[in-house]
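For reference, run-v6.cif is printed below; it contains mmCIF, C-alpha atoms.
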```cif
data_model
#
loop_
_atom_site.label_atom_id
_atom_site.label_comp_id
_atom_site.auth_asym_id
_atom_site.auth_seq_id
_atom_site.Cartn_x
_atom_site.Cartn_y
_atom_site.Cartn_z
CA MET G 1 78.33 48.59 6.56
CA THR G 2 75.11 47.26 8.06
CA HIS G 3 73.42 48.71 11.07
CA ALA G 4 71.48 46.47 13.45
CA MET G 5 68.37 47.91 14.99
CA ILE G 6 67.99 47.09 18.65
CA GLN G 7 64.55 47.26 20.25
CA THR G 8 64.75 47.93 23.92
CA GLU G 9 62.14 46.69 26.35
CA PRO G 10 60.29 49.43 28.20
CA CYS G 11 61.23 49.88 31.80
CA GLN G 12 59.12 47.63 34.05
CA SER G 13 57.75 50.64 35.93
CA ASP G 14 56.66 52.29 32.65
CA LYS G 15 54.98 49.11 31.47
CA PHE G 16 52.27 49.37 34.11
CA SER G 17 52.14 53.14 34.50
CA PHE G 18 48.72 53.20 32.81
CA ILE G 19 47.33 51.52 35.94
CA ASP G 20 48.68 54.28 38.19
CA ARG G 21 47.26 56.93 35.85
CA ALA G 22 43.84 55.25 35.78
CA LEU G 23 43.74 54.95 39.57
CA ALA G 24 44.80 58.58 40.00
CA GLU G 25 42.08 59.71 37.58
CA ARG G 26 39.49 57.66 39.46
CA GLN G 27 40.52 59.18 42.79
CA GLN G 28 40.47 62.69 41.34
CA ALA G 29 36.96 62.12 39.95
CA GLN G 30 35.89 60.85 43.40
CA ARG G 31 35.11 57.42 41.96
CA TRP G 32 37.62 55.54 44.11
CA ARG G 33 36.06 52.62 45.93
CA SER G 34 37.48 50.36 48.60
CA LEU G 35 36.30 47.45 50.71
CA HIS G 36 35.11 48.07 54.27
CA PRO G 37 34.72 44.75 56.11
CA VAL G 38 32.00 44.37 58.73
CA THR G 39 31.17 41.57 61.16
CA PRO G 40 27.49 40.55 61.40
CA VAL G 41 26.09 40.73 64.93
CA ASP G 42 22.48 39.73 64.34
CA ALA G 43 19.84 40.04 61.62
CA VAL G 44 20.13 43.83 61.32
CA HIS G 45 23.30 44.93 63.12
CA VAL G 46 26.97 44.81 62.11
CA LEU G 47 30.21 45.57 63.90
CA LYS G 48 32.53 48.04 62.17
CA ASN G 49 35.55 49.74 63.71
CA HIS G 50 34.45 48.61 67.19
CA GLN G 51 31.00 50.19 66.72
CA THR G 52 27.68 48.39 66.48
CA LEU G 53 25.69 49.83 63.59
CA LEU G 54 22.19 49.32 62.21
CA ASN G 55 22.72 48.03 58.68
CA PHE G 56 20.74 49.91 56.03
CA SER G 57 23.13 48.95 53.22
CA ALA G 58 22.46 45.22 52.83
CA ASN G 59 19.78 43.47 50.78
CA ASP G 60 18.63 41.39 53.75
CA TYR G 61 15.75 43.77 54.47
CA LEU G 62 13.79 41.29 56.58
CA GLY G 63 16.78 39.76 58.36
CA LEU G 64 15.99 36.34 56.87
CA SER G 65 19.65 35.36 56.62
CA LYS G 66 19.69 34.97 60.41
CA HIS G 67 16.21 33.49 60.86
CA PRO G 68 16.59 30.39 63.09
CA ALA G 69 14.41 28.18 60.85
CA LEU G 70 16.42 29.09 57.75
CA VAL G 71 19.75 28.62 59.54
CA GLU G 72 18.64 25.18 60.76
CA ALA G 73 17.43 24.19 57.28
CA ALA G 74 20.68 25.40 55.71
CA GLN G 75 22.69 23.29 58.17
CA HIS G 76 20.56 20.25 57.39
CA TYR G 77 20.93 20.63 53.61
CA THR G 78 24.66 21.38 53.89
CA VAL G 79 25.19 18.07 55.68
CA ARG G 80 23.15 16.26 53.05
CA TYR G 81 24.24 18.04 49.85
CA GLY G 82 27.56 19.66 50.72
CA THR G 83 28.56 23.31 50.42
CA GLY G 84 27.91 23.76 46.71
CA SER G 85 26.44 22.13 43.63
CA THR G 86 29.97 21.58 42.22
CA ALA G 87 28.92 22.24 38.62
CA SER G 88 26.89 24.57 36.45
CA ARG G 89 23.17 23.89 36.39
CA LEU G 90 23.28 22.64 32.81
CA VAL G 91 26.02 20.09 33.50
CA ALA G 92 25.34 18.42 36.84
CA GLY G 93 24.57 21.27 39.21
CA THR G 94 20.78 21.05 39.27
CA TYR G 95 19.84 19.07 42.36
CA ASP G 96 16.39 17.75 43.14
CA ILE G 97 15.98 20.42 45.85
CA HIS G 98 16.57 23.17 43.27
CA GLN G 99 13.80 21.80 41.09
CA GLN G 100 11.46 21.36 44.06
CA LEU G 101 12.06 24.94 45.22
CA GLU G 102 11.43 26.34 41.74
CA GLU G 103 8.19 24.37 41.45
CA GLN G 104 7.00 25.66 44.84
CA LEU G 105 7.92 29.24 43.95
CA ALA G 106 5.99 28.98 40.68
CA ILE G 107 2.89 27.71 42.50
CA ALA G 108 3.18 30.40 45.19
CA CYS G 109 3.45 33.13 42.54
CA GLY G 110 0.78 31.65 40.27
CA ARG G 111 3.23 31.15 37.40
CA GLU G 112 3.97 28.37 34.96
CA ALA G 113 7.57 28.05 36.08
CA ALA G 114 10.27 29.75 38.14
CA LEU G 115 14.05 29.89 37.94
CA ILE G 116 16.35 30.71 40.86
CA PHE G 117 19.65 32.57 40.49
CA ASN G 118 22.50 32.84 42.95
CA SER G 119 22.41 36.67 42.99
CA GLY G 120 20.42 39.64 41.79
CA PHE G 121 23.30 40.68 39.54
CA GLN G 122 23.31 37.30 37.82
CA ALA G 123 19.52 37.37 37.41
CA ASN G 124 19.47 40.85 35.88
CA PHE G 125 22.40 40.16 33.59
CA SER G 126 21.16 36.74 32.44
CA ILE G 127 17.50 37.56 31.91
CA LEU G 128 18.06 40.75 29.92
CA GLY G 129 20.86 39.12 27.94
CA SER G 130 18.44 36.33 26.99
CA LEU G 131 15.28 38.35 26.27
CA LEU G 132 16.95 40.98 24.12
CA ASN G 133 18.93 40.88 20.90
CA SER G 134 20.68 43.33 18.60
CA GLN G 135 17.33 44.28 17.03
CA SER G 136 15.76 45.23 20.39
CA TRP G 137 15.28 48.71 21.77
CA VAL G 138 15.66 49.29 25.50
CA LEU G 139 14.52 52.40 27.32
CA CYS G 140 16.00 52.42 30.80
CA ASP G 141 15.90 54.79 33.74
CA ARG G 142 19.14 56.71 34.11
CA GLN G 143 19.69 55.32 37.61
CA VAL G 144 19.14 51.59 37.06
CA HIS G 145 21.71 49.26 38.60
CA ASN G 146 24.87 48.35 36.72
CA SER G 147 23.78 44.70 36.52
CA LEU G 148 20.85 45.77 34.32
CA LEU G 149 23.14 47.84 32.09
CA GLN G 150 25.55 44.91 31.75
CA GLY G 151 22.70 42.62 30.66
CA ILE G 152 21.59 45.16 28.07
CA LEU G 153 25.15 45.59 26.77
CA ALA G 154 25.62 41.82 26.54
CA SER G 155 22.49 41.58 24.39
CA GLN G 156 23.84 44.17 21.93
CA ALA G 157 20.44 45.89 22.00
CA ARG G 158 20.17 49.58 21.30
CA PHE G 159 19.43 51.40 24.53
CA ILE G 160 18.52 54.92 25.54
CA ARG G 161 18.45 56.17 29.12
CA TYR G 162 15.57 58.41 30.08
CA ALA G 163 15.75 61.00 32.86
CA HIS G 164 15.31 59.47 36.31
CA ASN G 165 11.63 58.81 37.08
CA ASP G 166 10.61 61.14 34.24
CA LEU G 167 7.59 59.46 32.64
CA ASN G 168 7.13 62.35 30.21
CA HIS G 169 10.63 61.78 28.85
CA LEU G 170 9.94 58.05 28.67
CA GLU G 171 6.70 58.64 26.75
CA LYS G 172 8.52 60.90 24.29
CA LEU G 173 11.13 58.21 23.65
CA LEU G 174 8.43 55.55 23.25
CA ARG G 175 6.75 57.64 20.55
CA GLN G 176 10.09 57.84 18.70
CA ALA G 177 10.83 54.11 18.99
CA ASP G 178 10.44 51.81 16.00
CA PRO G 179 7.25 49.78 16.71
CA SER G 180 8.47 46.91 14.54
CA ARG G 181 11.24 46.19 17.04
CA ARG G 182 11.06 44.52 20.43
CA ILE G 183 10.84 47.42 22.90
CA VAL G 184 11.60 46.87 26.59
CA ILE G 185 11.39 49.38 29.44
CA VAL G 186 13.87 48.75 32.26
CA THR G 187 13.39 50.39 35.65
CA GLU G 188 13.47 49.48 39.35
CA THR G 189 11.14 49.70 42.33
CA VAL G 190 13.79 50.77 44.84
CA PHE G 191 16.78 52.30 43.09
CA SER G 192 19.88 50.89 44.71
CA MET G 193 21.99 53.77 43.46
CA ASP G 194 20.32 56.19 45.88
CA GLY G 195 17.87 54.06 47.90
CA ARG G 196 14.78 55.89 46.67
CA SER G 197 11.65 54.32 45.27
CA GLN G 198 9.89 55.19 42.03
#
```

Here is a file; write its structure as structure tokens.
Amino acid sequence: MTHAMIQTEPCQSDKFSFIDRALAERQQAQRWRSLHPVTPVDAVHVLKNHQTLLNFSANDYLGLSKHPALVEAAQHYTVRYGTGSTASRLVAGTYDIHQQLEEQLAIACGREAALIFNSGFQANFSILGSLLNSQSWVLCDRQVHNSLLQGILASQARFIRYAHNDLNHLEKLLRQADPSRRIVIVTETVFSMDGRSQ
């Protein structure tokens, strides 16, 4: 007599129960995040829940996103070039205006060249991922932004986090670092995690 073994599929609700557990753990650890939409009013104010608020959370510190000259220029270039470059920069997404802007930025900053990115996250991730390799050592402040950590992780460099703004701890780690390796210190000027400066 032969016996057939029958493998049963897990119940659909059990199949994704790990998601519910992970979300519950995140809420319990007070790491639950959610989106809170706002409506821009002007350069520095937003409307949220029928209240006008002064926005200290955005990166538009100088209110340039609403500057009339920039809005007018953006409208002009949108009519001429469209709403996006339609490709990566290496394929066909580098327009003449991108190159002109980079050249002007380089001159203004007294540098050989400049490269623009579409966000700070992309810049941090891309630059660190390019400058570092698996042989590099990175010493980074404990409160640097996640984009910097992601760039370091992508590079496969060894990294150690020193105590926030603790230059004595940093110096101690530097003395322990292997001088034959590429050593990079990663920190910020204004720490976005708590809004404080160095």

Inset, instruction - Quote the spacing between atom CA of Val144 of chain G and atom CA of Leu62 of chain G in Å to one decimal place. - result: 22.7 Å

Legend entry - Atomic separation - atom CA of Tyr162 of chain G relative to atom CA of Ser119 of chain G, Å: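 One can read the atom CA of Ser119 of chain G to atom CA of Tyr162 of chain G distance as 26.2 Å.
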
Inset, instruction - Find the residues near Gln51 of chain G: any atom within 12 Å, counting all atoms listed in the file, skip ones fewer than 5 places away on the same chain, and give them as a PyMOL selection string. - result: chain G and resi 38-41+45-46

Inset, instruction - Using all atoms listed in the file, find the one residue out of G:His145, G:Arg182, G:Arg175, G:Arg111 that sits nearest to Leu131 of chain G. - result: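 Among the listed residues, the smallest separation from Leu131 of chain G belongs to G:Arg182.
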
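One finds atom CA of Glu112 of chain G at 21.7 Å from atom CA of Val184 of chain G.
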
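Once the PyMOL selection byres ((chain G and resi 147) around 7) is applied to the depicted file, the selected set reads Phe121, Asn124, Phe125, His145, Asn146, Leu148, Leu149, Gln150 and Gly151 of chain G.
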
Using only C-alpha atoms, what does the table of segment 64-86 of chain G residues within 10 Å of segment 95-102 of chain G look like, with each row giving the shortest atom pair and its distance in Å to one decimal, sorted by chain and ascending number, as a Markdown table?
```
| residue | atom | partner | partner_atom | distance |
| --- | --- | --- | --- | --- |
| G:Tyr77 | CA | G:Ile97 | CA | 9.2 |
| G:Tyr81 | CA | G:Tyr95 | CA | 8.7 |
| G:Ser85 | CA | G:Tyr95 | CA | 7.4 |
```

Legend entry - Distance criterion (all atoms listed in the file): nearest to Ser134 of chain G out of G:Ala157, G:Trp32, G:Gly110, G:Thr78: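 With all atoms listed in the file as the atom set, the closest residue is G:Ala157.
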
Inset, instruction - Run the PyMOL selection byres ((chain G and resi 142) around 10) mentally over the shown coordinates, then write out the matched residues as a VMD selection string, using the chain letters and numbers from the document. - result: chain G and resid 139 to 141 143 to 145 149 160 to 166 186 to 187

Up to 9 Å from (22.4, 36.9, 61.7) in the file's coordinates: name the residues, counting only C-alpha atoms, as an mmCIF file with C-alpha atoms, keeping the file's coordinate frame.
```cif
data_model
loop_
_atom_site.group_PDB
_atom_site.id
_atom_site.type_symbol
_atom_site.label_atom_id
_atom_site.label_comp_id
_atom_site.auth_asym_id
_atom_site.auth_seq_id
_atom_site.Cartn_x
_atom_site.Cartn_y
_atom_site.Cartn_z
ATOM 1 C CA PRO G 40 27.490 40.550 61.400
ATOM 2 C CA VAL G 41 26.090 40.730 64.930
ATOM 3 C CA ASP G 42 22.480 39.730 64.340
ATOM 4 C CA ALA G 43 19.840 40.040 61.620
ATOM 5 C CA VAL G 44 20.130 43.830 61.320
ATOM 6 C CA HIS G 45 23.300 44.930 63.120
ATOM 7 C CA GLY G 63 16.780 39.760 58.360
ATOM 8 C CA LEU G 64 15.990 36.340 56.870
ATOM 9 C CA SER G 65 19.650 35.360 56.620
ATOM 10 C CA LYS G 66 19.690 34.970 60.410
ATOM 11 C CA HIS G 67 16.210 33.490 60.860
ATOM 12 C CA PRO G 68 16.590 30.390 63.090
ATOM 13 C CA VAL G 71 19.750 28.620 59.540
#
```

Legend entry - Residue IDs satisfying the PyMOL selection byres ((chain G and resi 129) around 7), as an NGL selection string: :G and (125-128 or 130-132 or 151-152 or 154-155)

Legend entry - Spatial neighbours of Ser180 of chain G, max dist 12 Å, all atoms listed in the file, sep filter under 4 positions, as a list of chain:residue names: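 Surrounding residues, per the criterion: G:Gln135, G:Ser136, G:Trp137, G:Gln176.
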
Output requested as a PDB file, keeping the file's coordinate frame - segment 49-69 of chain G, filled out with N, CA and C atoms.
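Written output follows (rebuild_21.pdb):
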```
ATOM      1  N   ASN G  49      34.659  48.854  62.949  1.00  0.00           N
ATOM      2  CA  ASN G  49      35.550  49.740  63.710  1.00  0.00           C
ATOM      3  C   ASN G  49      35.131  49.844  65.174  1.00  0.00           C
ATOM      4  N   HIS G  50      34.813  48.700  65.773  1.00  0.00           N
ATOM      5  CA  HIS G  50      34.450  48.610  67.190  1.00  0.00           C
ATOM      6  C   HIS G  50      33.128  49.313  67.517  1.00  0.00           C
ATOM      7  N   GLN G  51      32.312  49.581  66.501  1.00  0.00           N
ATOM      8  CA  GLN G  51      31.000  50.190  66.720  1.00  0.00           C
ATOM      9  C   GLN G  51      29.916  49.257  66.203  1.00  0.00           C
ATOM     10  N   THR G  52      28.833  49.146  66.952  1.00  0.00           N
ATOM     11  CA  THR G  52      27.680  48.390  66.480  1.00  0.00           C
ATOM     12  C   THR G  52      26.761  49.330  65.723  1.00  0.00           C
ATOM     13  N   LEU G  53      26.473  48.965  64.465  1.00  0.00           N
ATOM     14  CA  LEU G  53      25.690  49.830  63.590  1.00  0.00           C
ATOM     15  C   LEU G  53      24.458  49.106  63.071  1.00  0.00           C
ATOM     16  N   LEU G  54      23.387  49.843  62.854  1.00  0.00           N
ATOM     17  CA  LEU G  54      22.190  49.320  62.210  1.00  0.00           C
ATOM     18  C   LEU G  54      22.448  49.327  60.712  1.00  0.00           C
ATOM     19  N   ASN G  55      22.316  48.184  60.068  1.00  0.00           N
ATOM     20  CA  ASN G  55      22.720  48.030  58.680  1.00  0.00           C
ATOM     21  C   ASN G  55      21.585  48.364  57.710  1.00  0.00           C
ATOM     22  N   PHE G  56      21.704  49.508  57.055  1.00  0.00           N
ATOM     23  CA  PHE G  56      20.740  49.910  56.030  1.00  0.00           C
ATOM     24  C   PHE G  56      21.295  49.686  54.624  1.00  0.00           C
ATOM     25  N   SER G  57      22.467  49.085  54.519  1.00  0.00           N
ATOM     26  CA  SER G  57      23.130  48.950  53.220  1.00  0.00           C
ATOM     27  C   SER G  57      22.960  47.581  52.591  1.00  0.00           C
ATOM     28  N   ALA G  58      22.551  46.587  53.343  1.00  0.00           N
ATOM     29  CA  ALA G  58      22.460  45.220  52.830  1.00  0.00           C
ATOM     30  C   ALA G  58      21.113  44.977  52.145  1.00  0.00           C
ATOM     31  N   ASN G  59      21.024  43.862  51.450  1.00  0.00           N
ATOM     32  CA  ASN G  59      19.780  43.470  50.780  1.00  0.00           C
ATOM     33  C   ASN G  59      18.905  42.582  51.662  1.00  0.00           C
ATOM     34  N   ASP G  60      19.375  42.270  52.860  1.00  0.00           N
ATOM     35  CA  ASP G  60      18.630  41.390  53.750  1.00  0.00           C
ATOM     36  C   ASP G  60      17.628  42.207  54.566  1.00  0.00           C
ATOM     37  N   TYR G  61      16.674  42.819  53.849  1.00  0.00           N
ATOM     38  CA  TYR G  61      15.750  43.770  54.470  1.00  0.00           C
ATOM     39  C   TYR G  61      14.984  43.178  55.639  1.00  0.00           C
ATOM     40  N   LEU G  62      14.615  41.912  55.541  1.00  0.00           N
ATOM     41  CA  LEU G  62      13.790  41.290  56.580  1.00  0.00           C
ATOM     42  C   LEU G  62      14.611  40.486  57.580  1.00  0.00           C
ATOM     43  N   GLY G  63      15.934  40.496  57.439  1.00  0.00           N
ATOM     44  CA  GLY G  63      16.780  39.760  58.360  1.00  0.00           C
ATOM     45  C   GLY G  63      16.648  38.252  58.230  1.00  0.00           C
ATOM     46  N   LEU G  64      16.231  37.772  57.051  1.00  0.00           N
ATOM     47  CA  LEU G  64      15.990  36.340  56.870  1.00  0.00           C
ATOM     48  C   LEU G  64      17.276  35.509  56.911  1.00  0.00           C
ATOM     49  N   SER G  65      18.410  36.133  56.623  1.00  0.00           N
ATOM     50  CA  SER G  65      19.650  35.360  56.620  1.00  0.00           C
ATOM     51  C   SER G  65      20.010  34.823  58.000  1.00  0.00           C
ATOM     52  N   LYS G  66      19.422  35.424  59.034  1.00  0.00           N
ATOM     53  CA  LYS G  66      19.690  34.970  60.410  1.00  0.00           C
ATOM     54  C   LYS G  66      18.465  34.308  61.054  1.00  0.00           C
ATOM     55  N   HIS G  67      17.414  34.091  60.288  1.00  0.00           N
ATOM     56  CA  HIS G  67      16.210  33.490  60.860  1.00  0.00           C
ATOM     57  C   HIS G  67      16.535  32.062  61.304  1.00  0.00           C
ATOM     58  N   PRO G  68      16.217  31.713  62.561  1.00  0.00           N
ATOM     59  CA  PRO G  68      16.590  30.390  63.090  1.00  0.00           C
ATOM     60  C   PRO G  68      16.129  29.226  62.224  1.00  0.00           C
ATOM     61  N   ALA G  69      14.917  29.290  61.677  1.00  0.00           N
ATOM     62  CA  ALA G  69      14.410  28.180  60.850  1.00  0.00           C
ATOM     63  C   ALA G  69      15.229  28.033  59.574  1.00  0.00           C
TER      64      ALA G  69
END
```
